[in-house]
$ cat query_31.cif   # mmCIF, C-alpha atoms and all ligand atoms
data_start
loop_
_atom_site.label_atom_id
_atom_site.label_comp_id
_atom_site.auth_asym_id
_atom_site.auth_seq_id
_atom_site.Cartn_x
_atom_site.Cartn_y
_atom_site.Cartn_z
CA MET A 1 1.90 -14.81 -19.86
CA ASP A 2 -0.84 -17.04 -21.24
CA ASP A 3 -3.01 -15.98 -18.30
CA ILE A 4 -2.65 -12.30 -19.21
CA LEU A 5 -3.51 -12.98 -22.85
CA LYS A 6 -6.50 -15.09 -21.84
CA ALA A 7 -7.74 -12.34 -19.52
CA ILE A 8 -7.41 -9.78 -22.31
CA ASP A 9 -9.32 -12.06 -24.69
CA GLY A 10 -12.07 -12.42 -22.08
CA ILE A 11 -12.44 -8.65 -21.69
CA ALA A 12 -12.43 -8.18 -25.48
CA GLU A 13 -15.12 -10.82 -25.90
CA ARG A 14 -17.37 -9.20 -23.30
CA GLN A 15 -16.88 -5.81 -24.94
CA ARG A 16 -17.71 -7.31 -28.40
CA SER A 17 -20.92 -8.89 -27.12
CA ALA A 18 -21.92 -5.63 -25.38
CA TYR A 19 -21.24 -3.69 -28.61
CA PRO A 20 -21.76 -6.17 -31.47
CA GLU A 21 -20.85 -5.36 -35.04
CA ALA A 22 -23.72 -3.39 -36.57
CA GLU A 23 -25.16 -3.22 -40.06
CA GLY A 24 -23.12 -0.82 -42.19
CA ASP A 25 -19.90 -1.31 -40.21
CA TYR A 26 -16.88 -1.92 -42.43
CA ARG A 27 -13.20 -2.87 -42.24
CA VAL A 28 -10.10 -1.01 -43.40
CA ASP A 29 -6.79 -2.93 -43.12
CA GLY A 30 -8.48 -5.44 -40.80
CA ILE A 31 -9.76 -2.76 -38.39
CA LEU A 32 -13.53 -2.42 -37.85
CA TYR A 33 -15.08 1.03 -38.47
CA CYS A 34 -18.52 2.34 -37.46
CA GLY A 35 -20.89 2.71 -40.42
CA LYS A 36 -22.53 5.74 -38.79
CA CYS A 37 -19.73 7.93 -37.41
CA LYS A 38 -16.90 6.45 -39.53
CA THR A 39 -14.53 6.24 -36.55
CA PRO A 40 -12.76 2.99 -35.54
CA LYS A 41 -14.41 0.39 -33.34
CA GLU A 42 -11.11 -1.48 -32.95
CA LYS A 43 -7.50 -0.61 -32.26
CA GLU A 44 -4.26 -2.58 -32.45
CA TYR A 45 -2.47 -2.78 -29.13
CA ALA A 46 1.01 -4.09 -28.34
CA ILE A 47 0.69 -6.37 -25.30
CA PRO A 48 3.54 -5.53 -22.88
CA TRP A 49 6.31 -8.14 -22.26
CA THR A 50 4.82 -10.62 -24.72
CA GLY A 51 5.83 -9.23 -28.08
CA ASN A 52 2.22 -9.93 -29.12
CA LYS A 53 -0.10 -7.55 -30.87
CA LYS A 54 -3.85 -7.77 -30.57
CA ILE A 55 -6.78 -6.03 -32.24
CA LEU A 56 -9.08 -5.02 -29.40
CA PRO A 57 -12.50 -3.35 -29.43
CA VAL A 58 -12.80 0.36 -28.55
CA LEU A 59 -15.81 2.69 -28.49
CA CYS A 60 -16.43 4.67 -31.66
CA LYS A 61 -17.46 8.32 -31.43
CA CYS A 62 -21.22 7.70 -31.33
CA GLN A 63 -20.88 4.89 -28.77
CA LYS A 64 -18.80 7.18 -26.54
CA GLU A 65 -21.42 9.90 -26.81
CA GLN A 66 -24.21 7.44 -26.06
CA TYR A 67 -22.29 6.14 -23.03
CA GLN A 68 -21.79 9.67 -21.70
CA SER A 69 -25.42 10.65 -22.14
CA ASP A 70 -26.53 7.38 -20.44
CA GLN A 71 -24.27 8.22 -17.50
CA GLU A 72 -25.64 11.77 -17.31
CA ASN A 73 -29.23 10.49 -17.40
CA LEU A 74 -28.45 8.03 -14.63
CA LYS A 75 -26.96 10.81 -12.53
CA LYS A 76 -29.95 13.05 -13.24
CA THR A 77 -32.45 10.33 -12.38
CA ASP A 78 -30.54 9.58 -9.18
CA PHE A 79 -30.59 13.30 -8.24
CA GLU A 80 -34.31 13.62 -9.05
CA MET A 81 -35.08 10.54 -6.98
CA ARG A 82 -33.18 11.97 -4.00
CA VAL A 83 -35.04 15.31 -4.34
CA ASP A 84 -38.39 13.45 -4.50
CA ARG A 85 -37.51 11.47 -1.39
CA LEU A 86 -36.54 14.64 0.49
CA LYS A 87 -39.84 16.25 -0.52
CA ARG A 88 -41.84 13.26 0.71
CA GLU A 89 -39.96 13.30 4.00
CA GLY A 90 -39.94 17.05 4.57
CA ILE A 91 -43.22 18.44 3.25
CA THR A 92 -46.20 17.49 5.38
CA ASP A 93 -48.88 19.26 3.31
CA SER A 94 -49.05 19.29 -0.50
CA LYS A 95 -50.20 22.95 -0.48
CA TYR A 96 -46.55 23.94 0.09
CA LEU A 97 -45.27 22.19 -3.07
CA SER A 98 -46.41 24.81 -5.57
CA CYS A 99 -44.67 27.74 -3.82
CA SER A 100 -41.58 28.76 -5.76
CA PHE A 101 -39.71 32.00 -6.44
CA GLU A 102 -40.57 31.51 -10.14
CA ASN A 103 -44.25 31.98 -9.27
CA ASP A 104 -43.61 35.09 -7.18
CA ASP A 105 -45.81 37.94 -8.44
CA SER A 106 -43.91 40.65 -6.52
CA PRO A 107 -40.24 39.68 -6.87
CA LYS A 108 -39.08 43.25 -6.24
CA SER A 109 -40.72 43.60 -2.83
CA LYS A 110 -38.30 43.92 0.09
CA ASN A 111 -39.41 40.69 1.75
CA SER A 112 -39.16 38.74 -1.49
CA VAL A 113 -35.61 39.97 -2.10
CA ILE A 114 -34.57 39.11 1.48
CA CYS A 115 -36.10 35.62 1.32
CA ARG A 116 -34.42 34.90 -2.03
CA ARG A 117 -31.09 36.07 -0.62
CA TYR A 118 -31.65 33.87 2.45
CA ALA A 119 -32.16 30.86 0.17
CA SER A 120 -29.24 31.59 -2.16
CA LYS A 121 -26.81 32.21 0.72
CA PHE A 122 -28.07 29.28 2.74
CA SER A 123 -24.68 27.60 3.27
CA GLU A 124 -23.52 30.72 5.11
CA ILE A 125 -26.89 31.10 6.89
CA GLU A 126 -26.68 27.47 8.03
CA LYS A 127 -23.13 27.86 9.36
CA LYS A 128 -24.10 30.96 11.34
CA ASN A 129 -27.48 29.45 12.31
CA ILE A 130 -29.64 32.44 11.41
CA GLY A 131 -33.40 31.96 11.67
CA LEU A 132 -36.19 34.07 10.18
CA LEU A 133 -39.49 35.08 11.72
CA LEU A 134 -42.12 36.11 9.17
CA TYR A 135 -45.06 37.82 10.84
CA GLY A 136 -48.11 39.80 9.81
CA ASP A 137 -51.74 39.50 8.80
CA VAL A 138 -53.33 36.46 7.19
CA GLY A 139 -52.76 36.11 3.44
CA THR A 140 -49.86 38.55 3.06
CA GLY A 141 -47.44 35.96 1.62
CA LYS A 142 -45.57 34.69 4.70
CA THR A 143 -46.31 31.03 4.03
CA PHE A 144 -45.60 31.50 0.33
CA TYR A 145 -42.10 32.92 0.88
CA ALA A 146 -41.21 30.49 3.67
CA ALA A 147 -42.21 27.59 1.41
CA CYS A 148 -40.29 29.19 -1.51
CA VAL A 149 -37.09 29.06 0.56
CA ALA A 150 -37.69 25.41 1.53
CA ASN A 151 -38.49 24.40 -2.07
CA TYR A 152 -35.43 26.26 -3.40
CA LEU A 153 -33.21 24.21 -1.07
CA LEU A 154 -35.04 20.94 -1.83
CA ALA A 155 -34.49 21.46 -5.56
CA LYS A 156 -30.76 21.56 -4.78
CA CYS A 157 -31.12 18.37 -2.76
CA ILE A 158 -30.59 20.20 0.56
CA PRO A 159 -32.81 18.63 3.25
CA ALA A 160 -35.53 21.08 4.24
CA SER A 161 -38.83 20.52 5.96
CA ILE A 162 -41.94 22.65 5.83
CA THR A 163 -44.64 21.80 8.27
CA ASN A 164 -47.04 23.25 10.84
CA PHE A 165 -47.99 22.47 14.42
CA PRO A 166 -51.22 20.54 13.73
CA ASP A 167 -49.19 18.20 11.43
CA LEU A 168 -46.27 18.08 13.88
CA LEU A 169 -48.50 17.30 16.86
CA SER A 170 -50.08 14.36 15.06
CA LEU A 171 -46.60 13.16 13.99
CA ILE A 172 -45.33 13.36 17.59
CA PHE A 173 -48.46 11.59 18.83
CA LYS A 174 -47.70 8.66 16.48
CA ASP A 175 -43.93 8.67 16.87
CA LYS A 176 -42.09 9.85 19.97
CA GLY A 177 -38.88 10.14 17.93
CA ALA A 178 -40.42 12.68 15.53
CA ILE A 179 -38.78 15.67 17.24
CA ALA A 180 -35.31 14.13 16.99
CA LYS A 181 -35.92 13.25 13.31
CA LEU A 182 -36.70 16.90 12.53
CA GLN A 183 -33.11 17.80 13.35
CA SER A 184 -31.84 15.89 10.31
CA PHE A 185 -33.19 18.74 8.14
CA SER A 186 -30.78 21.57 7.39
CA LEU A 187 -33.73 23.97 7.47
CA LEU A 188 -36.98 23.58 9.39
CA VAL A 189 -39.91 25.79 8.43
CA ILE A 190 -42.77 25.93 10.92
CA ASP A 191 -45.74 27.55 9.27
CA ASP A 192 -48.53 29.40 11.00
CA LEU A 193 -47.48 29.44 14.63
CA GLY A 194 -50.50 30.42 16.67
CA VAL A 195 -50.56 28.76 20.02
CA GLU A 196 -53.45 30.63 21.62
CA ARG A 197 -56.02 27.83 21.68
CA ASN A 198 -53.89 24.85 22.64
CA SER A 199 -54.01 22.39 25.52
CA ASP A 200 -51.19 22.20 28.07
CA TYR A 201 -50.00 19.01 26.37
CA SER A 202 -49.80 20.72 22.96
CA MET A 203 -48.08 23.76 24.46
CA GLU A 204 -45.46 21.50 26.02
CA GLN A 205 -44.86 19.72 22.69
CA ILE A 206 -44.62 23.02 20.82
CA TYR A 207 -42.03 24.20 23.32
CA ASN A 208 -40.16 20.89 22.95
CA VAL A 209 -40.05 21.21 19.13
CA ILE A 210 -38.73 24.79 19.26
CA ASP A 211 -36.30 24.06 22.09
CA ALA A 212 -34.89 20.96 20.36
CA ARG A 213 -34.39 22.96 17.17
CA VAL A 214 -32.56 25.74 19.01
CA ARG A 215 -30.33 23.21 20.74
CA SER A 216 -29.57 21.45 17.42
CA GLY A 217 -27.78 24.62 16.27
CA LYS A 218 -29.61 24.49 12.91
CA PRO A 219 -31.74 27.30 11.50
CA MET A 220 -35.51 27.55 11.30
CA ILE A 221 -38.08 29.84 9.74
CA VAL A 222 -41.30 30.50 11.64
CA THR A 223 -44.38 32.18 10.19
CA THR A 224 -47.12 33.60 12.38
CA ASN A 225 -50.19 35.84 12.27
CA LEU A 226 -49.25 37.20 15.69
CA SER A 227 -48.20 40.85 15.92
CA ALA A 228 -44.83 41.99 17.23
CA ALA A 229 -46.57 43.25 20.39
CA GLU A 230 -48.20 39.84 20.99
CA LEU A 231 -44.86 38.10 20.48
CA ILE A 232 -42.96 40.41 22.80
CA HIS A 233 -45.67 40.74 25.49
CA PRO A 234 -47.61 37.49 25.53
CA ALA A 235 -50.54 36.91 27.89
CA ASP A 236 -48.91 34.28 30.07
CA LEU A 237 -45.67 32.54 30.95
CA ALA A 238 -46.33 29.40 28.90
CA HIS A 239 -46.53 31.50 25.74
CA LYS A 240 -43.62 33.69 26.78
CA ARG A 241 -41.40 30.63 27.16
CA ILE A 242 -42.15 29.59 23.55
CA TYR A 243 -41.96 33.06 21.98
CA ASP A 244 -38.70 33.94 23.77
CA ARG A 245 -37.09 30.80 22.38
CA ILE A 246 -38.35 31.58 18.85
CA MET A 247 -37.05 35.12 18.93
CA GLU A 248 -33.70 33.88 20.17
CA ALA A 249 -33.50 31.49 17.19
CA CYS A 250 -34.98 33.93 14.66
CA PRO A 251 -33.20 37.27 15.10
CA VAL A 252 -34.38 38.53 11.70
CA MET A 253 -38.06 39.52 11.87
CA LEU A 254 -39.79 40.39 8.60
CA LYS A 255 -43.12 42.14 8.78
CA PHE A 256 -45.65 41.27 6.07
CA GLU A 257 -48.48 43.64 5.30
CA GLY A 258 -50.50 45.02 2.42
CA ASN A 259 -52.81 43.32 -0.04
CA SER A 260 -53.94 39.89 0.88
CA ARG A 261 -52.47 37.47 -1.67
CA ARG A 262 -55.22 35.02 -0.91
CA GLY A 263 -57.67 37.84 -1.46
CA VAL A 264 -56.15 38.81 -4.81
CA LYS A 265 -56.24 35.18 -5.98
CA ALA A 266 -59.84 34.71 -4.87
CA TYR A 267 -60.78 37.92 -6.69
CA GLN A 268 -59.06 36.78 -9.91
CA LYS A 269 -60.75 33.39 -9.67
CA ALA A 270 -64.16 34.97 -9.18
CA ALA A 271 -63.55 37.26 -12.18
CA GLU A 272 -62.54 34.26 -14.35
CA ALA A 273 -65.57 32.28 -13.22
CA LYS A 274 -67.87 35.20 -14.07
CA LYS A 275 -66.32 35.44 -17.55
CA ILE A 276 -66.82 31.72 -18.21
CA LEU A 277 -70.37 31.68 -16.86
CA GLY A 278 -71.30 35.03 -18.36
CA VAL A 279 -72.76 36.42 -15.15
ZN ZN A 301 -20.15 5.22 -34.33
#
$ encode --input "query_31.cif" --output "structure tokens"
Amino acid sequence: MDDILKAIDGIAERQRSAYPEAEGDYRVDGILYCGKCKTPKEKEYAIPWTGNKKILPVLCKCQKEQYQSDQENLKKTDFEMRVDRLKREGITDSKYLSCSFENDDSPKSKNSVICRRYASKFSEIEKKNIGLLLYGDVGTGKTFYAACVANYLLAKCIPASITNFPDLLSLIFKDKGAIAKLQSFSLLVIDDLGVERNSDYSMEQIYNVIDARVRSGKPMIVTTNLSAAELIHPADLAHKRIYDRIMEACPVMLKFEGNSRRGVKAYQKAAEAKKILGV
């Protein structure tokens, strides 16, 4: 019995040194009260089987609240750190970081709505392994929306990677295991597929990346400036092998056309510059 009482005293002592009596605290009938929130910092407990009673420390209302908010901050920091780590691992070019649905200037366009739905229903998309192919002219928003989907998932701590073949080829050159590592991402976005001016070695690696992704059973999004005709009827077998695999993995093809986003931005920037410089 003495052991139990000693153990209880030890715990109480640790608690008292973690939460020492503060200025303004007061006692009523021998029980310590918090000077700030006026709730007790001690409670009388009957110790089982001993017939003893002990006054033991408890958390007052403001200490409890402080404890809860500390725990929440810890959780939040932990979550933010995991998201940061995923971003460092998955995003190979910082230009993709700023793309988010919040910055979308045409949220009602068909492609925007589809991409947002793709992101918000990703758990279902992932289970059914549905890929997206975004194709169309340069600067029509393909990269923007593909990166929006990846960033949406990353913000929820879902592993997503957004990269392109020049970055991937240099990764593979440095690390033979790079292709296998890509499969740890729930979503892989390959931006700007355009394999027309590549060496045989690069073509083989590009095929290997796509093929490994298809075999992993996990979804990918591919963006390309190639037209539907170029994708369906490529010039040679080496390209056909790659494109066939992509279209197998990405049954949903979204065509992007219209005003060049890059063009609109450049125009706005030029207008702003003229205003500042008075030209
Ligand atoms: Zn208090």
$ closest_atom_pairs --input "query_31.cif" --of "chain A" --to "ligand ZN 301 (chain A)" --cutoff "8 Å" --atoms "all atoms listed in the file" --output "CSV"
residue,atom,partner,partner_atom,distance
A:Tyr33,CA,A:ZN301,ZN,7.8
A:Cys34,CA,A:ZN301,ZN,4.6
A:Gly35,CA,A:ZN301,ZN,6.6
A:Lys36,CA,A:ZN301,ZN,5.1
A:Cys37,CA,A:ZN301,ZN,4.1
A:Lys38,CA,A:ZN301,ZN,6.3
A:Thr39,CA,A:ZN301,ZN,6.1
A:Pro40,CA,A:ZN301,ZN,7.8
A:Lys41,CA,A:ZN301,ZN,7.6
A:Leu59,CA,A:ZN301,ZN,7.7
A:Cys60,CA,A:ZN301,ZN,4.6
A:Lys61,CA,A:ZN301,ZN,5.0
A:Cys62,CA,A:ZN301,ZN,4.0
A:Gln63,CA,A:ZN301,ZN,5.6
$ residues_around --input "query_31.cif" --residues "Ile8 (chain A)" --least-positions-apart "2" --cutoff "12 Å" --atoms "only C-alpha atoms" --output "VMD selection string"
chain A and resid 1 to 6 10 to 15 45 to 48 52 to 57
$ atom_distance --input "query_31.cif" --atom1 "CA of Lys108 (chain A)" --atom2 "CA of Gly141 (chain A)"
13.6 Å
$ atom_distance --input "query_31.cif" --atom1 "CA of Ala229 (chain A)" --atom2 "CA of Lys110 (chain A)"
21.9 Å
$ atom_distance --input "query_31.cif" --atom1 "CA of Asn151 (chain A)" --atom2 "CA of Leu193 (chain A)"
19.6 Å
$ closest_residue --input "query_31.cif" --among "A:Ser186, A:Ile172, A:Lys95, A:Cys157" --to "Lys76 (chain A)" --atoms "all atoms listed in the file"
A:Cys157
$ closest_residue --input "query_31.cif" --among "A:Thr140, A:Ser94, A:Asn129, A:Asn225" --to "Ser109 (chain A)" --atoms "all atoms listed in the file"
A:Thr140
$ closest_residue --input "query_31.cif" --among "A:Pro219, A:Arg82, A:Gly258, A:Ile179" --to "Glu124 (chain A)" --atoms "only C-alpha atoms"
A:Pro219
$ closest_residue --input "query_31.cif" --among "A:Met203, A:Leu154, A:Val214, A:Ile221" --to "Leu237 (chain A)" --atoms "only C-alpha atoms"
A:Met203
$ residues_around --input "query_31.cif" --residues "Ala146 (chain A)" --least-positions-apart "3" --cutoff "8 Å" --atoms "all atoms listed in the file" --output "count of residues only"
11
$ closest_residue --input "query_31.cif" --among "A:Lys181, A:Tyr243, A:Asp200, A:Gln68" --to "Glu89 (chain A)" --atoms "all atoms listed in the file"
A:Lys181
$ residues_around --input "query_31.cif" --residues "region 119-122 of chain A" --least-positions-apart "5" --cutoff "12 Å" --atoms "all atoms listed in the file" --output "MDAnalysis selection string"
chainID A and resid 100:101 112:114 127:132 145:156 158:160 186:187 218:221
$ closest_residue --input "query_31.cif" --among "A:Glu204, A:Glu102, A:Asp175, A:Asp192" --to "Val138 (chain A)" --atoms "all atoms listed in the file"
A:Asp192
$ residues_around --input "query_31.cif" --residues "Ile91 (chain A)" --least-positions-apart "2" --cutoff "9 Å" --atoms "all atoms listed in the file" --output "PyMOL selection string"
chain A and resi 86-89+93-94+96-97+160-163
$ decode --input "query_31.cif" --residues "region 171-200 of chain A" --atoms "N, CA and C atoms" --output "PDB file, in the first residue's frame"
ATOM      1  N   LEU A 171      16.736  13.083 -63.309  1.00  0.00           N
ATOM      2  CA  LEU A 171      16.601  12.281 -62.075  1.00  0.00           C
ATOM      3  C   LEU A 171      17.014  10.832 -62.316  1.00  0.00           C
ATOM      4  N   ILE A 172      16.519  10.262 -63.441  1.00  0.00           N
ATOM      5  CA  ILE A 172      16.806   8.860 -63.763  1.00  0.00           C
ATOM      6  C   ILE A 172      18.294   8.682 -64.045  1.00  0.00           C
ATOM      7  N   PHE A 173      18.902   9.698 -64.679  1.00  0.00           N
ATOM      8  CA  PHE A 173      20.328   9.637 -64.990  1.00  0.00           C
ATOM      9  C   PHE A 173      21.147   9.533 -63.697  1.00  0.00           C
ATOM     10  N   LYS A 174      20.680  10.282 -62.661  1.00  0.00           N
ATOM     11  CA  LYS A 174      21.410  10.282 -61.375  1.00  0.00           C
ATOM     12  C   LYS A 174      21.080   9.064 -60.537  1.00  0.00           C
ATOM     13  N   ASP A 175      19.825   8.600 -60.635  1.00  0.00           N
ATOM     14  CA  ASP A 175      19.367   7.542 -59.735  1.00  0.00           C
ATOM     15  C   ASP A 175      18.523   6.530 -60.508  1.00  0.00           C
ATOM     16  N   LYS A 176      19.041   5.348 -60.656  1.00  0.00           N
ATOM     17  CA  LYS A 176      18.349   4.303 -61.433  1.00  0.00           C
ATOM     18  C   LYS A 176      17.013   3.906 -60.772  1.00  0.00           C
ATOM     19  N   GLY A 177      16.900   4.157 -59.475  1.00  0.00           N
ATOM     20  CA  GLY A 177      15.677   3.771 -58.770  1.00  0.00           C
ATOM     21  C   GLY A 177      14.579   4.826 -58.845  1.00  0.00           C
ATOM     22  N   ALA A 178      14.849   5.904 -59.605  1.00  0.00           N
ATOM     23  CA  ALA A 178      13.899   7.033 -59.634  1.00  0.00           C
ATOM     24  C   ALA A 178      12.516   6.603 -60.137  1.00  0.00           C
ATOM     25  N   ILE A 179      12.493   5.721 -61.132  1.00  0.00           N
ATOM     26  CA  ILE A 179      11.194   5.313 -61.703  1.00  0.00           C
ATOM     27  C   ILE A 179      10.368   4.561 -60.655  1.00  0.00           C
ATOM     28  N   ALA A 180      11.020   3.685 -59.912  1.00  0.00           N
ATOM     29  CA  ALA A 180      10.312   2.929 -58.869  1.00  0.00           C
ATOM     30  C   ALA A 180       9.794   3.889 -57.794  1.00  0.00           C
ATOM     31  N   LYS A 181      10.612   4.904 -57.440  1.00  0.00           N
ATOM     32  CA  LYS A 181      10.219   5.851 -56.384  1.00  0.00           C
ATOM     33  C   LYS A 181       8.962   6.633 -56.776  1.00  0.00           C
ATOM     34  N   LEU A 182       8.822   6.895 -58.085  1.00  0.00           N
ATOM     35  CA  LEU A 182       7.646   7.655 -58.549  1.00  0.00           C
ATOM     36  C   LEU A 182       6.337   6.959 -58.186  1.00  0.00           C
ATOM     37  N   GLN A 183       6.398   5.647 -58.047  1.00  0.00           N
ATOM     38  CA  GLN A 183       5.150   4.896 -57.804  1.00  0.00           C
ATOM     39  C   GLN A 183       4.655   5.048 -56.364  1.00  0.00           C
ATOM     40  N   SER A 184       5.460   5.703 -55.504  1.00  0.00           N
ATOM     41  CA  SER A 184       4.970   5.922 -54.142  1.00  0.00           C
ATOM     42  C   SER A 184       3.937   7.064 -54.120  1.00  0.00           C
ATOM     43  N   PHE A 185       3.881   7.843 -55.206  1.00  0.00           N
ATOM     44  CA  PHE A 185       2.915   8.948 -55.245  1.00  0.00           C
ATOM     45  C   PHE A 185       1.535   8.443 -55.672  1.00  0.00           C
ATOM     46  N   SER A 186       0.509   8.894 -54.971  1.00  0.00           N
ATOM     47  CA  SER A 186      -0.853   8.495 -55.322  1.00  0.00           C
ATOM     48  C   SER A 186      -1.244   9.054 -56.680  1.00  0.00           C
ATOM     49  N   LEU A 187      -0.723  10.249 -56.992  1.00  0.00           N
ATOM     50  CA  LEU A 187      -0.966  10.832 -58.324  1.00  0.00           C
ATOM     51  C   LEU A 187       0.369  11.295 -58.899  1.00  0.00           C
ATOM     52  N   LEU A 188       0.572  10.979 -60.179  1.00  0.00           N
ATOM     53  CA  LEU A 188       1.765  11.459 -60.880  1.00  0.00           C
ATOM     54  C   LEU A 188       1.304  12.353 -62.025  1.00  0.00           C
ATOM     55  N   VAL A 189       1.775  13.606 -62.015  1.00  0.00           N
ATOM     56  CA  VAL A 189       1.463  14.512 -63.120  1.00  0.00           C
ATOM     57  C   VAL A 189       2.723  14.676 -63.956  1.00  0.00           C
ATOM     58  N   ILE A 190       2.617  14.353 -65.243  1.00  0.00           N
ATOM     59  CA  ILE A 190       3.744  14.571 -66.148  1.00  0.00           C
ATOM     60  C   ILE A 190       3.358  15.710 -67.079  1.00  0.00           C
ATOM     61  N   ASP A 191       4.068  16.822 -66.910  1.00  0.00           N
ATOM     62  CA  ASP A 191       3.712  18.034 -67.631  1.00  0.00           C
ATOM     63  C   ASP A 191       4.479  18.114 -68.953  1.00  0.00           C
ATOM     64  N   ASP A 192       3.766  18.582 -69.962  1.00  0.00           N
ATOM     65  CA  ASP A 192       4.417  18.948 -71.215  1.00  0.00           C
ATOM     66  C   ASP A 192       5.109  17.781 -71.919  1.00  0.00           C
ATOM     67  N   LEU A 193       4.342  16.733 -72.165  1.00  0.00           N
ATOM     68  CA  LEU A 193       4.875  15.608 -72.929  1.00  0.00           C
ATOM     69  C   LEU A 193       5.022  16.040 -74.385  1.00  0.00           C
ATOM     70  N   GLY A 194       6.228  15.961 -74.872  1.00  0.00           N
ATOM     71  CA  GLY A 194       6.468  16.274 -76.280  1.00  0.00           C
ATOM     72  C   GLY A 194       7.750  15.559 -76.633  1.00  0.00           C
ATOM     73  N   VAL A 195       7.610  14.396 -77.218  1.00  0.00           N
ATOM     74  CA  VAL A 195       8.787  13.527 -77.334  1.00  0.00           C
ATOM     75  C   VAL A 195       9.383  13.561 -78.744  1.00  0.00           C
ATOM     76  N   GLU A 196       9.075  14.632 -79.493  1.00  0.00           N
ATOM     77  CA  GLU A 196       9.491  14.610 -80.904  1.00  0.00           C
ATOM     78  C   GLU A 196      11.000  14.771 -81.136  1.00  0.00           C
ATOM     79  N   ARG A 197      11.699  15.440 -80.214  1.00  0.00           N
ATOM     80  CA  ARG A 197      13.117  15.678 -80.501  1.00  0.00           C
ATOM     81  C   ARG A 197      14.029  14.932 -79.526  1.00  0.00           C
ATOM     82  N   ASN A 198      13.654  13.707 -79.180  1.00  0.00           N
ATOM     83  CA  ASN A 198      14.460  13.000 -78.187  1.00  0.00           C
ATOM     84  C   ASN A 198      15.313  11.884 -78.775  1.00  0.00           C
ATOM     85  N   SER A 199      16.387  11.576 -78.072  1.00  0.00           N
ATOM     86  CA  SER A 199      17.271  10.480 -78.491  1.00  0.00           C
ATOM     87  C   SER A 199      16.578   9.146 -78.207  1.00  0.00           C
ATOM     88  N   ASP A 200      17.121   8.075 -78.765  1.00  0.00           N
ATOM     89  CA  ASP A 200      16.570   6.734 -78.519  1.00  0.00           C
ATOM     90  C   ASP A 200      16.593   6.417 -77.027  1.00  0.00           C
TER      91      ASP A 200
END
